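*Asks:* Sending over start-v4.cif (mmCIF, C-alpha atoms).
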```cif
data_start
#
loop_
_atom_site.label_atom_id
_atom_site.label_comp_id
_atom_site.auth_asym_id
_atom_site.auth_seq_id
_atom_site.Cartn_x
_atom_site.Cartn_y
_atom_site.Cartn_z
CA MET O 1 16.81 -31.47 -3.80
CA ILE O 2 19.26 -28.97 -5.22
CA ASN O 3 21.79 -26.72 -3.53
CA SER O 4 21.28 -23.00 -4.08
CA ASP O 5 24.96 -22.69 -5.08
CA ASP O 6 24.29 -25.06 -7.97
CA VAL O 7 21.22 -23.11 -9.08
CA PHE O 8 23.30 -19.94 -9.25
CA ARG O 9 26.20 -21.71 -10.99
CA VAL O 10 23.88 -23.06 -13.69
CA PHE O 11 22.06 -19.73 -14.08
CA GLU O 12 25.06 -17.38 -14.28
CA PRO O 13 26.25 -18.27 -17.83
CA HIS O 14 22.74 -17.50 -19.11
CA ARG O 15 22.34 -14.24 -17.26
CA GLY O 16 23.47 -11.98 -20.06
CA LYS O 17 23.08 -8.39 -18.93
CA ALA O 18 20.13 -9.09 -16.66
CA ILE O 19 19.78 -7.14 -13.43
CA VAL O 20 19.62 -9.59 -10.53
CA THR O 21 18.15 -9.16 -7.08
CA THR O 22 17.49 -11.66 -4.31
CA SER O 23 15.11 -12.13 -1.41
CA GLY O 24 15.53 -14.10 1.80
CA THR O 25 18.32 -16.35 2.90
CA ALA O 26 18.08 -18.53 -0.20
CA GLY O 27 19.65 -15.75 -2.23
CA ARG O 28 22.41 -15.06 0.27
CA LYS O 29 25.09 -16.85 -1.78
CA TRP O 30 24.36 -15.19 -5.11
CA PRO O 31 27.10 -12.53 -4.73
CA GLN O 32 29.71 -15.30 -4.57
CA THR O 33 28.65 -16.55 -8.00
CA SER O 34 27.79 -13.33 -9.79
CA ASN O 35 30.23 -12.14 -12.43
CA ASN O 36 28.55 -8.76 -12.85
CA PRO O 37 28.07 -7.15 -9.41
CA GLU O 38 27.36 -3.75 -10.99
CA ARG O 39 24.08 -5.28 -12.15
CA ASP O 40 23.25 -6.91 -8.82
CA VAL O 41 21.02 -4.82 -6.62
CA SER O 42 19.84 -5.22 -3.05
CA MET O 43 16.31 -3.93 -2.66
CA GLY O 44 16.14 -4.36 1.11
CA SER O 45 13.55 -6.47 2.87
CA ALA O 46 10.25 -5.96 4.61
CA MET O 47 8.08 -9.02 5.02
CA GLY O 48 8.27 -10.19 1.43
CA GLN O 49 8.32 -6.78 -0.18
CA THR O 50 11.53 -7.39 -2.15
CA THR O 51 9.24 -9.01 -4.71
CA SER O 52 7.25 -5.79 -5.02
CA ALA O 53 10.45 -3.77 -5.42
CA ALA O 54 11.68 -6.08 -8.18
CA PHE O 55 8.27 -5.73 -9.86
CA GLY O 56 8.55 -1.94 -9.70
CA LEU O 57 12.05 -2.11 -11.13
CA ALA O 58 10.79 -4.23 -14.03
CA LEU O 59 8.05 -1.70 -14.77
CA GLY O 60 10.51 1.17 -14.61
CA LEU O 61 13.16 -0.46 -16.81
CA PRO O 62 11.18 -2.18 -19.57
CA ASP O 63 14.27 -2.52 -21.78
CA GLU O 64 16.25 -4.40 -19.13
CA LYS O 65 15.69 -8.00 -18.05
CA ILE O 66 15.01 -8.15 -14.31
CA VAL O 67 15.69 -11.44 -12.48
CA LEU O 68 14.49 -12.04 -8.94
CA PHE O 69 15.58 -15.00 -6.81
CA ASP O 70 12.73 -15.11 -4.31
CA SER O 71 12.20 -17.45 -1.39
CA GLU O 72 8.96 -19.17 -0.41
CA GLY O 73 8.87 -17.83 3.16
CA ALA O 74 9.08 -14.27 1.88
CA MET O 75 6.65 -14.83 -0.96
CA LEU O 76 4.03 -16.35 1.33
CA MET O 77 4.01 -13.06 3.24
CA ASN O 78 3.17 -11.14 0.07
CA LEU O 79 1.23 -13.51 -2.16
CA GLY O 80 -0.99 -10.79 -3.60
CA VAL O 81 2.01 -9.47 -5.49
CA LEU O 82 1.66 -12.40 -7.89
CA ALA O 83 -1.66 -10.96 -9.05
CA SER O 84 -0.15 -7.47 -9.25
CA ILE O 85 2.67 -8.79 -11.46
CA ALA O 86 0.32 -10.87 -13.60
CA GLY O 87 -1.93 -7.83 -14.03
CA LYS O 88 0.80 -5.61 -15.49
CA LYS O 89 2.54 -8.47 -17.32
CA PRO O 90 6.09 -7.12 -17.42
CA LYS O 91 7.67 -8.97 -20.34
CA ASN O 92 11.15 -8.42 -18.88
CA PHE O 93 10.53 -10.07 -15.50
CA VAL O 94 11.96 -13.49 -14.57
CA HIS O 95 10.81 -14.64 -11.14
CA PHE O 96 12.70 -17.57 -9.59
CA LEU O 97 11.39 -19.09 -6.36
CA LEU O 98 13.95 -21.03 -4.32
CA ASP O 99 11.76 -23.25 -2.14
CA ASN O 100 13.53 -24.85 0.82
CA GLU O 101 10.21 -25.45 2.64
CA VAL O 102 11.38 -23.81 5.88
CA TYR O 103 12.22 -20.53 7.54
CA ALA O 104 15.95 -21.25 7.35
CA THR O 105 17.01 -18.06 9.05
CA THR O 106 15.01 -18.70 12.20
CA GLY O 107 16.02 -22.29 12.82
CA GLY O 108 14.26 -24.29 10.13
CA GLN O 109 10.64 -24.24 11.19
CA PRO O 110 8.42 -25.35 8.27
CA VAL O 111 6.47 -22.73 6.35
CA PRO O 112 2.71 -23.39 6.32
CA ASN O 113 1.81 -26.45 4.24
CA ASN O 114 5.49 -26.64 3.31
CA LYS O 115 5.31 -29.82 1.24
CA GLY O 116 1.91 -29.25 -0.28
CA ILE O 117 2.08 -26.03 -2.27
CA ASP O 118 2.41 -26.00 -6.05
CA TYR O 119 3.94 -22.55 -6.46
CA ALA O 120 4.40 -22.84 -10.21
CA GLY O 121 0.79 -23.97 -10.53
CA MET O 122 -0.26 -20.99 -8.46
CA ALA O 123 1.70 -18.60 -10.70
CA LYS O 124 0.20 -20.19 -13.80
CA ALA O 125 -3.33 -19.93 -12.46
CA ILE O 126 -2.86 -16.30 -11.50
CA GLY O 127 -1.71 -15.33 -14.97
CA TYR O 128 2.07 -15.49 -15.39
CA ALA O 129 2.96 -15.88 -19.05
CA SER O 130 5.11 -18.95 -18.45
CA THR O 131 5.80 -21.20 -15.46
CA HIS O 132 8.22 -24.03 -14.66
CA HIS O 133 9.05 -26.30 -11.74
CA PHE O 134 12.30 -28.17 -11.11
CA ASP O 135 13.53 -30.58 -8.48
CA ASP O 136 16.36 -31.96 -10.59
CA LEU O 137 19.46 -29.90 -11.36
CA GLU O 138 20.20 -31.57 -14.69
CA ASP O 139 16.68 -30.87 -15.88
CA PHE O 140 17.04 -27.23 -14.83
CA ALA O 141 20.40 -26.96 -16.60
CA THR O 142 18.86 -28.31 -19.78
CA LYS O 143 16.01 -25.79 -19.78
CA ILE O 144 17.55 -22.59 -18.43
CA GLU O 145 18.71 -21.24 -21.81
CA SER O 146 15.24 -21.38 -23.34
CA ILE O 147 13.61 -20.08 -20.15
CA MET O 148 15.77 -16.96 -20.24
CA SER O 149 14.57 -16.22 -23.76
CA GLU O 150 10.87 -16.49 -22.90
CA GLU O 151 8.57 -13.49 -22.73
CA GLY O 152 7.66 -12.66 -19.16
CA PRO O 153 6.48 -12.63 -16.61
CA VAL O 154 8.15 -16.02 -16.18
CA PHE O 155 7.97 -18.00 -12.93
CA ILE O 156 10.39 -20.82 -12.05
CA SER O 157 10.08 -22.70 -8.76
CA ILE O 158 13.01 -24.85 -7.69
CA LYS O 159 13.16 -27.16 -4.69
CA ILE O 160 16.42 -26.53 -2.85
CA ASP O 161 18.17 -27.85 0.25
CA ALA O 162 17.51 -25.96 3.46
CA GLU O 163 20.65 -24.37 4.87
CA VAL O 164 19.32 -23.75 8.33
CA GLN O 165 20.90 -21.17 10.59
CA ASN O 166 20.54 -21.85 14.30
CA MET O 167 23.19 -19.65 15.86
CA PRO O 168 22.09 -16.41 17.51
CA VAL O 169 22.17 -13.66 14.90
CA GLY O 170 25.09 -11.88 16.55
CA MET O 171 27.25 -15.04 16.42
CA ARG O 172 26.63 -15.95 12.79
CA ASP O 173 29.26 -15.95 10.11
CA MET O 174 27.57 -13.32 7.98
CA THR O 175 28.29 -13.38 4.27
CA PRO O 176 29.85 -10.05 3.32
CA ALA O 177 27.44 -8.07 1.21
CA ARG O 178 27.50 -4.62 -0.30
CA PRO O 179 24.99 -2.44 1.52
CA ARG O 180 21.76 -1.55 -0.26
CA PRO O 181 22.58 2.11 -0.95
CA GLN O 182 25.86 1.10 -2.58
CA THR O 183 24.26 -1.50 -4.84
CA ILE O 184 21.57 0.97 -5.89
CA LYS O 185 24.09 3.72 -6.54
CA GLU O 186 26.30 1.43 -8.61
CA LEU O 187 23.38 0.03 -10.60
CA ARG O 188 22.07 3.51 -11.41
CA ALA O 189 25.57 4.57 -12.48
CA GLU O 190 25.82 1.47 -14.67
CA LEU O 191 22.49 2.36 -16.30
CA GLY O 192 23.22 6.09 -16.52
CA ILE O 193 20.24 7.02 -14.33
CA THR O 194 20.60 10.41 -12.70
CA ALA O 195 16.97 11.22 -11.85
CA MET H 1 -25.79 18.75 -1.93
CA VAL H 2 -23.45 16.31 -3.64
CA GLU H 3 -22.82 18.73 -6.52
CA GLN H 4 -22.01 21.45 -4.04
CA GLN H 5 -19.50 19.23 -2.28
CA ALA H 6 -17.94 18.02 -5.54
CA ALA H 7 -16.51 21.48 -6.07
CA ILE H 8 -14.58 21.31 -2.81
CA LEU H 9 -11.73 19.12 -4.05
CA LYS H 10 -11.74 18.04 -7.67
CA PRO H 11 -9.81 14.98 -8.79
CA GLU H 12 -8.44 17.19 -11.57
CA THR H 13 -6.57 19.12 -8.90
CA LEU H 14 -4.61 16.02 -7.93
CA VAL H 15 -3.94 14.98 -11.50
CA ASP H 16 -2.74 18.50 -12.36
CA GLU H 17 -0.39 18.45 -9.37
CA PHE H 18 0.93 15.03 -10.40
CA LYS H 19 1.66 16.30 -13.91
CA LYS H 20 3.29 19.46 -12.61
CA ASN H 21 5.66 17.34 -10.52
CA GLY H 22 6.64 14.93 -13.26
CA VAL H 23 4.83 11.90 -11.87
CA THR H 24 5.15 8.88 -14.14
CA HIS H 25 3.38 6.13 -12.17
CA VAL H 26 0.60 5.93 -9.57
CA VAL H 27 0.86 2.82 -7.41
CA THR H 28 -2.57 2.33 -5.95
CA ILE H 29 -5.44 0.32 -4.66
CA PRO H 30 -8.66 1.86 -5.88
CA ASP H 31 -11.34 2.41 -3.28
CA SER H 32 -14.97 3.35 -3.65
CA GLU H 33 -14.39 6.97 -2.72
CA THR H 34 -11.72 7.62 -5.33
CA ASN H 35 -13.30 5.98 -8.35
CA TYR H 36 -13.57 9.17 -10.40
CA LEU H 37 -9.94 9.99 -9.66
CA TYR H 38 -9.01 6.48 -10.81
CA GLU H 39 -10.97 6.90 -14.04
CA LEU H 40 -9.32 10.26 -14.65
CA MET H 41 -5.83 8.87 -14.04
CA VAL H 42 -6.18 5.97 -16.46
CA GLU H 43 -7.22 8.45 -19.17
CA GLN H 44 -3.87 10.27 -18.94
CA ASP H 45 -1.38 9.08 -21.57
CA TRP H 46 1.57 10.39 -19.53
CA LEU H 47 0.60 8.41 -16.45
CA ASP H 48 0.87 4.67 -15.79
CA VAL H 49 -1.52 3.39 -13.14
CA VAL H 50 -0.13 0.36 -11.29
CA PRO H 51 -2.85 -1.47 -9.37
CA VAL H 52 -1.58 -3.71 -6.57
CA SER H 53 -3.33 -6.20 -4.35
CA ARG H 54 -2.63 -4.81 -0.88
CA GLU H 55 -1.26 -1.53 0.43
CA GLY H 56 1.88 -3.20 1.80
CA GLU H 57 3.03 -3.68 -1.79
CA THR H 58 2.97 0.01 -2.60
CA PRO H 59 6.22 1.24 -0.99
CA GLY H 60 8.29 -1.58 -2.50
CA THR H 61 6.79 -1.15 -5.94
CA ALA H 62 7.42 2.58 -5.71
CA LEU H 63 11.00 1.95 -4.59
CA GLY H 64 11.70 -0.15 -7.67
CA LEU H 65 10.31 2.62 -9.85
CA CYS H 66 12.44 5.22 -8.04
CA ILE H 67 15.60 3.18 -8.58
CA ALA H 68 14.68 3.06 -12.27
CA GLY H 69 14.57 6.86 -12.35
CA LYS H 70 10.78 7.14 -12.47
CA VAL H 71 8.58 9.36 -10.30
CA PRO H 72 5.91 7.28 -8.58
CA VAL H 73 3.13 8.42 -6.28
CA VAL H 74 1.52 6.06 -3.81
CA LEU H 75 -2.26 6.52 -3.61
CA ILE H 76 -3.90 4.59 -0.78
CA GLN H 77 -6.28 4.97 2.14
CA ASN H 78 -5.27 5.46 5.78
CA THR H 79 -6.45 1.97 6.75
CA GLY H 80 -4.11 0.44 4.18
CA MET H 81 -1.32 2.79 5.16
CA MET H 82 -1.42 1.40 8.68
CA GLU H 83 -1.39 -2.14 7.31
CA ALA H 84 1.70 -1.19 5.31
CA GLY H 85 3.72 -0.04 8.31
CA ASP H 86 6.73 -2.33 7.95
CA SER H 87 6.85 -1.76 4.20
CA ILE H 88 6.87 2.00 4.77
CA ARG H 89 9.75 1.50 7.19
CA GLY H 90 11.84 -0.86 5.10
CA MET H 91 11.04 0.18 1.54
CA ALA H 92 10.39 3.90 1.86
CA ILE H 93 11.91 5.54 4.95
CA ASP H 94 15.09 3.43 5.01
CA ALA H 95 15.55 3.47 1.23
CA GLY H 96 16.53 7.11 0.84
CA PHE H 97 14.37 8.09 -2.11
CA PRO H 98 11.81 10.89 -2.38
CA MET H 99 8.31 9.38 -2.33
CA VAL H 100 4.98 11.11 -1.98
CA PHE H 101 2.13 9.16 -0.43
CA VAL H 102 -1.36 10.53 -1.08
CA VAL H 103 -3.52 9.06 1.65
CA GLY H 104 -7.29 9.20 1.92
CA TYR H 105 -8.18 10.28 5.45
CA ARG H 106 -11.09 7.93 6.05
CA GLY H 107 -13.23 8.99 8.95
CA TRP H 108 -11.86 12.49 9.33
CA THR H 109 -14.38 15.25 9.68
CA ARG H 110 -14.09 18.95 10.28
CA ARG H 111 -17.39 18.94 12.09
CA GLY H 112 -18.37 17.11 15.24
CA VAL H 113 -16.50 14.20 16.77
CA ILE H 114 -14.22 11.80 14.88
CA ARG H 115 -15.55 8.37 15.73
CA ASP H 116 -13.77 6.23 13.13
CA SER H 117 -10.65 4.66 14.67
CA ALA H 118 -9.00 4.74 11.24
CA ALA H 119 -9.02 8.53 11.48
CA LYS H 120 -8.11 8.61 15.18
CA TYR H 121 -4.88 6.71 14.61
CA THR H 122 -3.80 8.20 11.30
CA GLU H 123 -1.81 11.19 12.52
CA PRO H 124 -0.37 9.34 15.56
CA PHE H 125 0.81 6.65 13.10
CA LEU H 126 2.55 9.24 10.91
CA ASN H 127 4.12 10.90 13.93
CA ALA H 128 5.36 7.55 15.24
CA PHE H 129 7.13 6.97 11.93
CA GLY H 130 8.47 10.52 11.89
CA LEU H 131 6.74 11.30 8.61
CA ASP H 132 5.84 14.87 7.73
CA TYR H 133 2.43 15.41 6.24
CA TYR H 134 0.30 18.05 4.57
CA PHE H 135 -3.45 18.30 4.76
CA VAL H 136 -5.47 18.86 1.59
CA GLU H 137 -9.18 19.48 1.91
CA THR H 138 -10.10 21.85 -0.92
CA ASN H 139 -8.84 22.89 -4.32
CA ALA H 140 -7.22 25.87 -2.65
CA ASP H 141 -4.94 23.44 -0.76
CA GLY H 142 -3.77 21.79 -3.98
CA ASP H 143 -0.37 23.47 -4.04
CA ARG H 144 0.48 21.68 -0.81
CA ILE H 145 0.93 18.61 -3.00
CA THR H 146 3.75 20.41 -4.79
CA THR H 147 5.14 21.40 -1.40
CA ALA H 148 5.15 17.73 -0.43
CA PHE H 149 7.06 16.84 -3.61
CA GLU H 150 9.57 19.62 -2.98
CA GLN H 151 10.15 18.41 0.56
CA ALA H 152 10.45 14.79 -0.51
CA ARG H 153 13.05 15.73 -3.13
CA ALA H 154 14.96 17.93 -0.68
CA THR H 155 15.10 15.28 2.03
CA SER H 156 15.05 12.04 -0.01
CA ARG H 157 12.34 10.83 2.33
CA PRO H 158 8.66 9.97 2.05
CA VAL H 159 6.21 12.81 2.63
CA VAL H 160 2.48 12.27 3.08
CA VAL H 161 -0.48 14.23 1.74
CA LEU H 162 -3.66 13.57 3.72
CA ILE H 163 -6.81 14.01 1.68
CA GLY H 164 -9.39 15.22 4.16
CA ASP H 165 -12.32 15.39 1.80
CA GLU H 166 -12.25 11.82 0.62
CA TYR H 167 -15.93 11.17 1.20
CA HIS H 168 -17.15 13.98 -0.99
CA GLY H 169 -14.90 15.76 -3.44
CA PHE H 170 -13.52 12.73 -5.23
CA ASN H 171 -16.96 11.67 -6.35
CA ARG H 172 -19.01 13.48 -8.95
#
```
How would this structure read if it were set down as structure tokens?

*Replies:*
Amino acid sequence: MINSDDVFRVFEPHRGKAIVTTSGTAGRKWPQTSNNPERDVSMGSAMGQTTSAAFGLALGLPDEKIVLFDSEGAMLMNLGVLASIAGKKPKNFVHFLLDNEVYATTGGQPVPNNKGIDYAGMAKAIGYASTHHFDDLEDFATKIESIMSEEGPVFISIKIDAEVQNMPVGMRDMTPARPRPQTIKELRAELGITA
Amino acid sequence: MVEQQAAILKPETLVDEFKKNGVTHVVTIPDSETNYLYELMVEQDWLDVVPVSREGETPGTALGLCIAGKVPVVLIQNTGMMEAGDSIRGMAIDAGFPMVFVVGYRGWTRRGVIRDSAAKYTEPFLNAFGLDYYFVETNADGDRITTAFEQARATSRPVVVLIGDEYHGFNR
């Protein structure tokens, strides 16, 4: 298993100018690693719909690379989006899935069939242009450069450690994050979008 | 009979209104009643049709397009709109972008009693979410679609257009 911090640390040098967004608790630590917060955007959340928002962003910005760090609990709530993405085939879309096998934010209960799902196989079968699976950090570090140069949609599933939160929500040490409207405003300013 | 009804609300009316309002993308799930509209939309070189797998995907996909500076329209049926409730909340209402949802009003009828629960709950659903809506039944109502766009832009909120003639006018 791999720590999400290490995934982000290995990914960041290969990010280039990609726009990055995250879904679920697995992506919570990305802001601490990112060296380009003006190109990080929070899309909000609604039962796995961050994936759809990232898909829409990829369609709307075909000249920008869009990277999503998704989580398996969120993606299972919105699996049909894989077909939607595969149907439109956005060449600029890189879809990471950080799979910790549990609902970490609600105490660590396992997601359905948590050890038995081949997410990369699912993405391949549904029509993603390229798919990968990693459970070894060194292997991921070796391949990330070539993955980021592939034509999308690209899907990369990575098994990560579960960082389970069990405290009541009001008592948690919440990672400071820029609110969604601010990230959107700053991204649009960075891209010169006024519409 | 069918030809007579086809004149009530032409799909061209919707496409013309979309073009007038600068629409770039239609995020949609085709249904049997809107097939001619779908065929007409995919023929337009200024319009990108984005088919999705379930209505819950539509607000998020539209949000991404809005952030990118595009002008999406969501085209779904009332049954799917109700399925998409949390997405409408989180990805449309809370997001602060103008979005127009064109919603087929399955089960609505001007005559007799509405028996389809999809129709019974449509307007209560919209009212519960605090969403304003405009009713379009004939070609003469077409400019209400522009009114919906104007309101969405003025308020940076979703506005709904209910298509009351879904069972007739969209088909040839």

*Asks:* Which residue out of H:Thr79, H:Thr13, H:Ser87, H:Ser156 has the minimum interatomic distance to chain O when all atoms listed in the file are used?

*Replies:*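 When distances to chain O are compared using all atoms listed in the file, the smallest one comes from H:Ser87.
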
*Asks:* Can you list, as an NGL selection string, every protein, DNA or RNA residue that comes within 10 Å of Phe11 of chain O when you count only C-alpha atoms, leaving out same-chain residues fewer than 6 positions away?

*Replies:* :O and (5 or 33-34 or 140-141 or 144-145 or 148)

*Asks:* Evaluate the PyMOL selection byres ((chain H) within 7 of (chain O)) against this structure - the residues, as a ChimeraX atom specification, please.

*Replies:* /H:51-54,57,60-65,67-70,86-87,90-91

*Asks:* Within 12 Å of (-0.5, 17.2, -14.0), in the coordinates the file gives, what residues turn up when you count all atoms listed in the file, written out as a PyMOL selection string?

*Replies:* chain H and resi 11-25+40-41+44-47+142-143+145-146

*Asks:* What residues come out when you apply the PyMOL selection byres ((chain H and resi 99) around 6) to this file, written as a list in words?

*Replies:* Pro98, Val100 and Pro158 of chain H

*Asks:* Determine the residue set returned by the PyMOL selection byres ((chain H and resi 155) around 12) for the present structure, and present it as a CSV table (one decimal) with C-alpha atoms, in the coordinates of the input.

*Replies:*
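Produced file result_16.csv, reproduced below:
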```csv
chain,number,residue,atom,x,y,z
H,93,ILE,CA,11.9,5.5,5.0
H,95,ALA,CA,15.6,3.5,1.2
H,96,GLY,CA,16.5,7.1,0.8
H,97,PHE,CA,14.4,8.1,-2.1
H,98,PRO,CA,11.8,10.9,-2.4
H,99,MET,CA,8.3,9.4,-2.3
H,100,VAL,CA,5.0,11.1,-2.0
H,131,LEU,CA,6.7,11.3,8.6
H,132,ASP,CA,5.8,14.9,7.7
H,148,ALA,CA,5.2,17.7,-0.4
H,149,PHE,CA,7.1,16.8,-3.6
H,150,GLU,CA,9.6,19.6,-3.0
H,151,GLN,CA,10.2,18.4,0.6
H,152,ALA,CA,10.4,14.8,-0.5
H,153,ARG,CA,13.0,15.7,-3.1
H,154,ALA,CA,15.0,17.9,-0.7
H,156,SER,CA,15.0,12.0,0.0
H,157,ARG,CA,12.3,10.8,2.3
H,158,PRO,CA,8.7,10.0,2.0
H,159,VAL,CA,6.2,12.8,2.6
```

*Asks:* Could you check which of O:Ala129, O:Leu76, O:Leu68, O:Ala162 is closest to Thr105 of chain O, using only C-alpha atoms?

*Replies:* O:Ala162

*Asks:* Interatomic distance between atom CA of Val50 of chain H and atom CA of Pro90 of chain O?

*Replies:*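 About the pair atom CA of Val50 of chain H and atom CA of Pro90 of chain O: they are 11.5 Å apart.
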
*Asks:* May I ask which of the residues H:Gly112, H:Asp94, H:Met82, H:Val103 is the closest one to Pro30 of chain H, counting only C-alpha atoms?

*Replies:*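 Closest candidate: H:Val103.
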
*Asks:* Atom CA of Val161 of chain H and atom CA of Gly80 of chain H, how far apart in Å?

*Replies:*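 These two atoms are separated by 14.5 Å.
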
*Asks:* Which residue gives the smallest distance to Ala123 of chain O among O:Val67, O:Met75, O:Met167, O:Ile2, with only C-alpha atoms counted?

*Replies:*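 Nearest candidate to Ala123 of chain O out of O:Val67, O:Met75, O:Met167, O:Ile2: O:Met75.
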
*Asks:* For atom CA of Asn127 of chain H and atom CA of Ser42 of chain O, quote the distance in Å rounded to one decimal.

*Replies:* 28.2 Å

*Asks:* Take the point (-7.3, 23.5, -4.8) in the file's coordinates, draw a sphere of radius 9 Å around it, and report as a list in words every protein, DNA or RNA residue with an atom inside or on it, counting only C-alpha atoms.

*Replies:*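 Those within range, by chain then number, are Ile8, Leu9, Lys10, Thr13, Leu14, Val136, Glu137, Thr138, Asn139, Ala140, Asp141, Gly142, Asp143 and Arg144 of chain H.
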
*Asks:* Tell me which of O:Arg39, O:Lys65, O:Arg178, O:Lys115 sits closest to Lys91 of chain O, counting only C-alpha atoms.

*Replies:*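 Counting only C-alpha atoms, the residue closest to Lys91 of chain O is O:Lys65.
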
*Asks:* Closest to Pro112 of chain O among O:Ser149, O:Ile156, O:Thr22, O:Gly73, using all atoms listed in the file?

*Replies:* O:Gly73

*Asks:* List as a PyMOL selection string the protein and nucleic acid residues near Lys159 of chain O, meaning an atom at most 12 Å away when all atoms listed in the file are counted, but skip any in the same chain fewer than 2 places from it.

*Replies:* chain O and resi 1-4+6-7+26+71-72+96-102+114-115+117-120+132-137+140+156-157+161-162

*Asks:* Take the residues just selected and output them with C-alpha atoms as a PDB file, keeping the file's coordinate frame.

*Replies:*
```pdb
ATOM      1  CA  MET O   1      16.810 -31.470  -3.800  1.00  0.00           C
ATOM      2  CA  ILE O   2      19.260 -28.970  -5.220  1.00  0.00           C
ATOM      3  CA  ASN O   3      21.790 -26.720  -3.530  1.00  0.00           C
ATOM      4  CA  SER O   4      21.280 -23.000  -4.080  1.00  0.00           C
ATOM      5  CA  ASP O   6      24.290 -25.060  -7.970  1.00  0.00           C
ATOM      6  CA  VAL O   7      21.220 -23.110  -9.080  1.00  0.00           C
ATOM      7  CA  ALA O  26      18.080 -18.530  -0.200  1.00  0.00           C
ATOM      8  CA  SER O  71      12.200 -17.450  -1.390  1.00  0.00           C
ATOM      9  CA  GLU O  72       8.960 -19.170  -0.410  1.00  0.00           C
ATOM     10  CA  PHE O  96      12.700 -17.570  -9.590  1.00  0.00           C
ATOM     11  CA  LEU O  97      11.390 -19.090  -6.360  1.00  0.00           C
ATOM     12  CA  LEU O  98      13.950 -21.030  -4.320  1.00  0.00           C
ATOM     13  CA  ASP O  99      11.760 -23.250  -2.140  1.00  0.00           C
ATOM     14  CA  ASN O 100      13.530 -24.850   0.820  1.00  0.00           C
ATOM     15  CA  GLU O 101      10.210 -25.450   2.640  1.00  0.00           C
ATOM     16  CA  VAL O 102      11.380 -23.810   5.880  1.00  0.00           C
ATOM     17  CA  ASN O 114       5.490 -26.640   3.310  1.00  0.00           C
ATOM     18  CA  LYS O 115       5.310 -29.820   1.240  1.00  0.00           C
ATOM     19  CA  ILE O 117       2.080 -26.030  -2.270  1.00  0.00           C
ATOM     20  CA  ASP O 118       2.410 -26.000  -6.050  1.00  0.00           C
ATOM     21  CA  TYR O 119       3.940 -22.550  -6.460  1.00  0.00           C
ATOM     22  CA  ALA O 120       4.400 -22.840 -10.210  1.00  0.00           C
ATOM     23  CA  HIS O 132       8.220 -24.030 -14.660  1.00  0.00           C
ATOM     24  CA  HIS O 133       9.050 -26.300 -11.740  1.00  0.00           C
ATOM     25  CA  PHE O 134      12.300 -28.170 -11.110  1.00  0.00           C
ATOM     26  CA  ASP O 135      13.530 -30.580  -8.480  1.00  0.00           C
ATOM     27  CA  ASP O 136      16.360 -31.960 -10.590  1.00  0.00           C
ATOM     28  CA  LEU O 137      19.460 -29.900 -11.360  1.00  0.00           C
ATOM     29  CA  PHE O 140      17.040 -27.230 -14.830  1.00  0.00           C
ATOM     30  CA  ILE O 156      10.390 -20.820 -12.050  1.00  0.00           C
ATOM     31  CA  SER O 157      10.080 -22.700  -8.760  1.00  0.00           C
ATOM     32  CA  ASP O 161      18.170 -27.850   0.250  1.00  0.00           C
ATOM     33  CA  ALA O 162      17.510 -25.960   3.460  1.00  0.00           C
TER      34      ALA O 162
END
```

*Asks:* Set the distance at 8 Å and use all atoms listed in the file: which residues neighbour Glu55 of chain H once local chain neighbours fewer than 3 positions away are removed? I'd like the list as a list in words.

*Replies:* Thr28, Ile29, Val52, Thr58, Ile76, Gly80, Met81, Glu83 and Ala84 of chain H

*Asks:* Complete segment 139-147 of chain H with N, CA and C atoms (output as an mmCIF file, in the coordinates of the input).

*Replies:*
```
data_model
loop_
_atom_site.group_PDB
_atom_site.id
_atom_site.type_symbol
_atom_site.label_atom_id
_atom_site.label_comp_id
_atom_site.auth_asym_id
_atom_site.auth_seq_id
_atom_site.Cartn_x
_atom_site.Cartn_y
_atom_site.Cartn_z
ATOM 1 N N ASN H 139 -9.697 22.543 -3.177
ATOM 2 C CA ASN H 139 -8.840 22.890 -4.320
ATOM 3 C C ASN H 139 -7.790 23.933 -3.949
ATOM 4 N N ALA H 140 -8.148 24.815 -3.046
ATOM 5 C CA ALA H 140 -7.220 25.870 -2.650
ATOM 6 C C ALA H 140 -5.976 25.296 -1.955
ATOM 7 N N ASP H 141 -6.087 24.072 -1.430
ATOM 8 C CA ASP H 141 -4.940 23.440 -0.760
ATOM 9 C C ASP H 141 -4.048 22.689 -1.746
ATOM 10 N N GLY H 142 -4.442 22.657 -3.017
ATOM 11 C CA GLY H 142 -3.770 21.790 -3.980
ATOM 12 C C GLY H 142 -2.269 22.000 -4.066
ATOM 13 N N ASP H 143 -1.814 23.241 -3.905
ATOM 14 C CA ASP H 143 -0.370 23.470 -4.040
ATOM 15 C C ASP H 143 0.434 22.846 -2.901
ATOM 16 N N ARG H 144 -0.236 22.411 -1.867
ATOM 17 C CA ARG H 144 0.480 21.680 -0.810
ATOM 18 C C ARG H 144 1.033 20.339 -1.334
ATOM 19 N N ILE H 145 0.409 19.850 -2.396
ATOM 20 C CA ILE H 145 0.930 18.610 -3.000
ATOM 21 C C ILE H 145 2.295 18.887 -3.608
ATOM 22 N N THR H 146 2.420 20.018 -4.273
ATOM 23 C CA THR H 146 3.750 20.410 -4.790
ATOM 24 C C THR H 146 4.734 20.629 -3.648
ATOM 25 N N THR H 147 4.269 21.225 -2.573
ATOM 26 C CA THR H 147 5.140 21.400 -1.400
ATOM 27 C C THR H 147 5.638 20.055 -0.888
#
```
